[in-house]
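Visitor: For reference, the structure I am asking about is given below.
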Amino acid sequence: MYLITNGWIVTMDKQRNIYRNGALAIDGSRITEVGETNALKQKYPQAEIIDATNKVVIPGLVNGHVHLFQVLYRGLGDDLALADWLSECIYRMSLNLTGNDVYHATLLAATEMLKGGVTCYVDSHYINWDLSCQDKIAEATVLSGIRGIMGRSTVDVAPVPEKLREAVDQAIRESERIIKTYHNQADGLLKVRLEPLNEALASTEMMLAMREVSRQYGVGMNMHMMEALPRVRTMTAKFGMTPVKYLYKLGILDSDLLLAHCCWVDDVDMDLIAETGAKVAHNPVSNQYLADGVAPVPRMLEKGIVVTIGSDGACSNNNHDMFEAMKLTALMHKVKNLDPEIMTAEKVLTMATIDAARALGLEDEIGSLEAGKRADVVLVDIDHPSMTPCFNPVSNLVYAATSNAVNTVLVNGRIVVQDRNLLTLDEEKVLHDANQAAWNLAEKSGAINQ
Ligand SMILES: [Zn+2]
């Protein structure tokens, strides 16, 4: 049993309680109590103490949208529009991407995320010519100790190269295999969601098939949606309506659907998303990097849509720093609307924690520091140059902190990062192996030395 003591605890519970000299009791994988340090010390005298003096204690951050494999492509996709970025970087590299590469990518991405206070990721993996990729993601995720929401994604439409396209029957078969093998495994650390990649590169037949399988097995679904304007225009012309309206017509929109991006949704689209209870994953850094557009997030929030925040892949960001993503979420909507009040630090932190949990249907398990929840906990240094002085911990977390201020991280009640050191993996080896895999892949793919 652990007792985190003397911390500035930002619970993100319903009342948004903050304890100035707080403590958090953890038994096994779950939080048993949150309160004042002296009271909890008396109640749990046997507990092993984790001293949080000069630290802010927050729920683990959720990276609501990422592509783990893309960490090996970091820096290869600069200064391209979405369509060119896909063909020049993603497809070119992915034609050679093996399960073994994905294993090293997952370890590297998990290392970066855990050390940056991210305790849960939502992946989207759509490179399936080597069917061991999802198995390797699961294996590396469990080794690292991070909570992983595996996204079994698929594409079946040109201009995706034929090698990367998947027949609908194979997508169904493999989705069922991945769900049966990994969903809710590793003491609940692993979950599976299905994903027809987006409105353009997955056929209607594929969208409907994935929707059916995800409903049959009770797993959620993800999709990229209305990301960049050229594609939105093409698909709106093809469907005779916007892609969101098309999904609604097909019966695909539902409360277990998480839509990434939604940069170009109109008012009616947002009403349909709100009506069906579908959720949105906002990716401010990636949307700026690819010049996709600015998603109307304040309007979504007004309509009651649950919005979470993601980094997106590391070759359209190019890191997995959720502190940066939180800050840019606030700043991009303030400047877009010329209104500094439109997005507050508290709302942004909510989006990266408890609203992210709600977006995944996991609000009873993670997203806040409350008795009964899984102990996904992050201790952030206040005695850090970027965090001093700290008048308001939520303000500093969103506007001042970088992931470098993260000191200690627990996932599922297990200490995975302590004093900035990753305990679960040999970090030097992770970086070395991933670096080697990336260079080999880039050489083989002709992405470098041209
Ligand atoms: Zn994405």
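Chain identifiers are assigned as A, B, and so on, following the order in which chains appear in the structure tokens; residues are numbered from 1 within each chain, and ligands are numbered from 1 in order of appearance.
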Contacts of Asn96 in chain A at 8 Å or less, counting only C-alpha atoms, minus same-chain residues fewer than 4 places along, as a list in words?
Guide: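 The filter keeps Arg92, Leu441, Lys444 and Ser445 of chain A.
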Visitor: Those residues with N, CA and C atoms, as a CSV table (one decimal), in the first residue's frame please?
Guide:
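Written file, part-v9.csv:
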chain,number,residue,atom,x,y,z
A,92,ARG,N,5.1,5.6,-47.9
A,92,ARG,CA,6.5,5.2,-48.3
A,92,ARG,C,7.1,4.4,-47.2
A,441,LEU,N,14.7,1.5,-41.5
A,441,LEU,CA,13.4,1.7,-42.2
A,441,LEU,C,13.5,2.8,-43.2
A,444,LYS,N,15.7,1.8,-46.2
A,444,LYS,CA,15.0,0.8,-47.0
A,444,LYS,C,13.9,1.4,-47.8
A,445,SER,N,13.3,2.5,-47.2
A,445,SER,CA,12.1,3.1,-47.9
A,445,SER,C,12.6,4.2,-48.8
Visitor: Taking only range 6-35 of chain A into account, list the residues labelled strand (DSSP E or B) by DSSP (computed from the backbone), as a list in words.
Guide: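 Written out, the strand (DSSP E or B) residues of range 6-35 of chain A are Asn6, Gly7, Trp8, Ile9, Val10, Ile18, Tyr19, Arg20, Asn21, Gly22, Ala23, Leu24, Ala25, Ile26, Asp27, Arg30, Ile31, Thr32, Glu33, Val34 and Gly35 of chain A.
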Visitor: Find the spatial neighbours of Leu229 in chain A, counting only C-alpha atoms, within a cut-off of 9 Å - ignore same-chain residues fewer than 3 positions away - and output them as a ChimeraX atom specification.
Guide: /A:226,232-234,263-264,292-293
Visitor: Could you save those same residues with C-alpha atoms as an mmCIF file, in the first residue's frame?
Guide:
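Result went into out-v6.cif, see below:
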data_model
loop_
_atom_site.group_PDB
_atom_site.id
_atom_site.type_symbol
_atom_site.label_atom_id
_atom_site.label_comp_id
_atom_site.auth_asym_id
_atom_site.auth_seq_id
_atom_site.Cartn_x
_atom_site.Cartn_y
_atom_site.Cartn_z
ATOM 1 C CA MET A 226 -13.345 15.951 -41.574
ATOM 2 C CA VAL A 232 -13.795 17.270 -46.858
ATOM 3 C CA ARG A 233 -14.838 18.949 -50.141
ATOM 4 C CA THR A 234 -14.243 15.793 -52.201
ATOM 5 C CA CYS A 263 -11.796 20.616 -38.102
ATOM 6 C CA TRP A 264 -14.483 21.401 -40.687
ATOM 7 C CA ASP A 292 -5.557 21.266 -41.506
ATOM 8 C CA GLY A 293 -7.620 23.984 -39.886
#
Visitor: Please produce, as a Markdown table, a per-residue contact table for range 128-230 of chain A versus range 408-414 of chain A (criterion: any atom at most 12 Å away, only C-alpha atoms considered), showing the nearest atom pair and its distance in Å to one decimal, sorted by chain then residue number.
Guide:
| residue | atom | partner | partner_atom | distance |
| --- | --- | --- | --- | --- |
| A:Thr141 | CA | A:Val411 | CA | 12.0 |
| A:Val142 | CA | A:Val411 | CA | 11.2 |
| A:Ser144 | CA | A:Val411 | CA | 10.2 |
| A:Gly145 | CA | A:Val411 | CA | 6.9 |
| A:Ile146 | CA | A:Val411 | CA | 6.4 |
| A:Arg147 | CA | A:Val411 | CA | 7.1 |
| A:Gly148 | CA | A:Val411 | CA | 10.8 |
| A:Ala186 | CA | A:Asn412 | CA | 10.5 |
| A:Asp187 | CA | A:Asn412 | CA | 8.6 |
| A:Gly188 | CA | A:Asn412 | CA | 8.9 |
| A:Leu189 | CA | A:Asn412 | CA | 7.7 |
| A:Leu190 | CA | A:Asn412 | CA | 11.4 |
Visitor: Restricting the output to C-alpha atoms, write the selected residues as an mmCIF file, in the first residue's frame.
Guide:
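Result file out_7.cif:
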data_model
loop_
_atom_site.group_PDB
_atom_site.id
_atom_site.type_symbol
_atom_site.label_atom_id
_atom_site.label_comp_id
_atom_site.auth_asym_id
_atom_site.auth_seq_id
_atom_site.Cartn_x
_atom_site.Cartn_y
_atom_site.Cartn_z
ATOM 1 C CA THR A 141 2.584 -1.731 -23.967
ATOM 2 C CA VAL A 142 2.432 -4.284 -21.164
ATOM 3 C CA SER A 144 6.269 -0.456 -20.442
ATOM 4 C CA GLY A 145 3.441 -0.412 -17.902
ATOM 5 C CA ILE A 146 1.367 2.252 -19.687
ATOM 6 C CA ARG A 147 -2.410 1.900 -20.085
ATOM 7 C CA GLY A 148 -3.082 1.195 -23.728
ATOM 8 C CA ALA A 186 -3.244 -7.325 -18.341
ATOM 9 C CA ASP A 187 -5.389 -6.395 -15.322
ATOM 10 C CA GLY A 188 -7.473 -4.116 -17.503
ATOM 11 C CA LEU A 189 -4.462 -2.163 -18.813
ATOM 12 C CA LEU A 190 -5.254 -3.172 -22.382
#
Visitor: Which residues form the shell of 9 Å around ligand 1 when you count only C-alpha atoms and all ligand atoms, given as a PyMOL selection string?
Guide: chain A and resi 65-67+123-124+197+223-224+260-261+283+286+310-313+316
Visitor: Residues within 9 Å of Cys315 in chain A, please, as a VMD selection string. Count only C-alpha atoms; anything in the same chain fewer than 4 positions from it doesn't count.
Guide: chain A and resid 70 to 78 89 to 90 286 319
Visitor: Find the residues around Asp383 in chain A up to 10 Å (only C-alpha atoms counted), leave out those fewer than 4 positions away in its own chain, and share them as a VMD selection string.
Guide: chain A and resid 53 to 55 387 to 390 405
Visitor: Name all residues at most 10 Å from range 245-249 of chain A (count only C-alpha atoms; drop same-chain ones fewer than 3 positions away) and give them as an mmCIF file with N, CA and C atoms, in the first residue's frame.
Guide:
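result-v7.cif, written as the output of this step:
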data_model
loop_
_atom_site.group_PDB
_atom_site.id
_atom_site.type_symbol
_atom_site.label_atom_id
_atom_site.label_comp_id
_atom_site.auth_asym_id
_atom_site.auth_seq_id
_atom_site.Cartn_x
_atom_site.Cartn_y
_atom_site.Cartn_z
ATOM 1 N N GLU A 199 -13.214 8.882 -43.472
ATOM 2 C CA GLU A 199 -14.320 8.870 -44.426
ATOM 3 C C GLU A 199 -13.871 8.631 -45.861
ATOM 4 N N THR A 204 -17.527 2.479 -47.465
ATOM 5 C CA THR A 204 -18.760 2.395 -46.680
ATOM 6 C C THR A 204 -18.956 0.980 -46.154
ATOM 7 N N MET A 207 -16.721 0.645 -43.190
ATOM 8 C CA MET A 207 -17.244 1.390 -42.026
ATOM 9 C C MET A 207 -18.358 0.593 -41.347
ATOM 10 N N LEU A 208 -19.275 0.076 -42.172
ATOM 11 C CA LEU A 208 -20.423 -0.646 -41.605
ATOM 12 C C LEU A 208 -19.980 -1.954 -40.947
ATOM 13 N N MET A 235 -15.212 14.545 -50.373
ATOM 14 C CA MET A 235 -16.113 13.530 -49.823
ATOM 15 C C MET A 235 -17.535 14.060 -49.668
ATOM 16 N N THR A 236 -17.665 15.357 -49.401
ATOM 17 C CA THR A 236 -18.999 15.949 -49.307
ATOM 18 C C THR A 236 -19.685 15.873 -50.669
ATOM 19 N N PHE A 239 -20.599 12.048 -51.211
ATOM 20 C CA PHE A 239 -21.723 11.554 -50.393
ATOM 21 C C PHE A 239 -22.999 12.365 -50.628
ATOM 22 N N GLY A 240 -22.858 13.553 -51.199
ATOM 23 C CA GLY A 240 -24.011 14.448 -51.334
ATOM 24 C C GLY A 240 -24.390 15.084 -50.010
ATOM 25 N N MET A 241 -23.518 15.000 -49.072
ATOM 26 C CA MET A 241 -23.729 15.593 -47.738
ATOM 27 C C MET A 241 -22.381 15.542 -47.015
ATOM 28 N N THR A 242 -22.239 16.230 -45.885
ATOM 29 C CA THR A 242 -20.954 16.184 -45.188
ATOM 30 C C THR A 242 -20.731 14.770 -44.632
ATOM 31 N N ILE A 252 -23.907 5.077 -37.956
ATOM 32 C CA ILE A 252 -22.582 4.810 -37.368
ATOM 33 C C ILE A 252 -22.309 5.706 -36.151
ATOM 34 N N LEU A 253 -22.854 6.928 -36.187
ATOM 35 C CA LEU A 253 -22.646 7.837 -35.041
ATOM 36 C C LEU A 253 -23.291 7.236 -33.804
ATOM 37 N N ASP A 254 -22.543 7.205 -32.716
ATOM 38 C CA ASP A 254 -23.078 6.629 -31.479
ATOM 39 C C ASP A 254 -22.225 7.121 -30.305
ATOM 40 N N VAL A 265 -16.327 20.587 -39.317
ATOM 41 C CA VAL A 265 -17.741 20.290 -39.063
ATOM 42 C C VAL A 265 -18.558 21.583 -39.017
ATOM 43 N N VAL A 268 -24.789 21.884 -38.055
ATOM 44 C CA VAL A 268 -25.668 20.694 -38.080
ATOM 45 C C VAL A 268 -24.863 19.443 -37.722
ATOM 46 N N ASP A 269 -23.637 19.340 -38.249
ATOM 47 C CA ASP A 269 -22.768 18.203 -37.894
ATOM 48 C C ASP A 269 -22.602 18.114 -36.377
ATOM 49 N N MET A 270 -22.309 19.271 -35.781
ATOM 50 C CA MET A 270 -22.097 19.288 -34.325
ATOM 51 C C MET A 270 -23.370 18.910 -33.578
ATOM 52 N N LEU A 272 -25.586 16.812 -34.638
ATOM 53 C CA LEU A 272 -25.729 15.362 -34.775
ATOM 54 C C LEU A 272 -24.761 14.619 -33.845
ATOM 55 N N ILE A 273 -23.551 15.176 -33.732
ATOM 56 C CA ILE A 273 -22.575 14.573 -32.813
ATOM 57 C C ILE A 273 -23.104 14.667 -31.384
ATOM 58 N N THR A 276 -26.178 12.231 -30.771
ATOM 59 C CA THR A 276 -25.851 10.811 -30.658
ATOM 60 C C THR A 276 -24.885 10.523 -29.512
#
Visitor: Might you pull out every residue within 12 Å of Glu302 in chain A, with only C-alpha atoms counted and same-chain residues fewer than 2 positions away left off, and present them as a list in words?
Guide: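 Counting only the stated atoms, we get Asp267, Met270, Asp271, Ala274, Pro296, Val297, Pro298, Arg299, Met300, Gly304, Ile305, Val306, Val307, Ile342 and Met343 of chain A.
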Visitor: May I ask for the distance between CA of Leu258 in chain A and CA of Leu328 in chain A, given in Å to one decimal place?
Guide: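 Separating CA of Leu258 in chain A from CA of Leu328 in chain A is a distance of 20.8 Å.
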Visitor: Can you tell me how far CA of Asp266 in chain A sits from CA of Ala295 in chain A, in Å to one decimal?
Guide: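 Pair CA of Asp266 in chain A / CA of Ala295 in chain A returns 10.0 Å.
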Visitor: From the set A:Ala371, A:Met206, A:Leu131, A:Pro161, which residue has the shortest atom-to-atom contact distance to Glu174 in chain A, counting only C-alpha atoms?
Guide: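 Under the stated criterion, the closest residue is A:Leu131.
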Visitor: Rank A:Ala171, A:Ile26, A:Ala228, A:Ala281 by their smallest atom-to-atom distance to Ala357 in chain A, using only C-alpha atoms, and report the top residue only.
Guide: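 Closest to Ala357 in chain A, using only C-alpha atoms: A:Ala281.
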Visitor: Measuring between only C-alpha atoms, which one of A:Leu24, A:Val335, A:Leu114, A:Leu201 shows the shortest distance to Arg420 in chain A?
Guide: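 Of A:Leu24, A:Val335, A:Leu114, A:Leu201, the one nearest Arg420 in chain A is A:Leu114, counting only C-alpha atoms.
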Visitor: Which residues in range 212-384 of chain A does DSSP call helix (DSSP H, G or I)? List them as number ranges by chain.
Guide: A: 212-217, 229-239, 243-250, 267-276, 284-289, 297-302, 322-337, 345-352, 354-359
Visitor: Nearest to Ala110 in chain A: which of A:Leu143, A:Lys373, A:Ser386, A:Ser214 is it, counting only C-alpha atoms?
Guide: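 Among the listed residues, the smallest separation from Ala110 in chain A belongs to A:Leu143.
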Visitor: Which distance in Å separates CA of Ser255 in chain A and CA of Asp135 in chain A, to one decimal?
Guide: 27.5 Å
Visitor: Pick out the closest residue to Lys279 in chain A from this set: A:Arg358, A:Arg215, A:Lys334, A:Arg231. Count only C-alpha atoms.
Guide: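 Of all the options, A:Arg358 lies closest to Lys279 in chain A.
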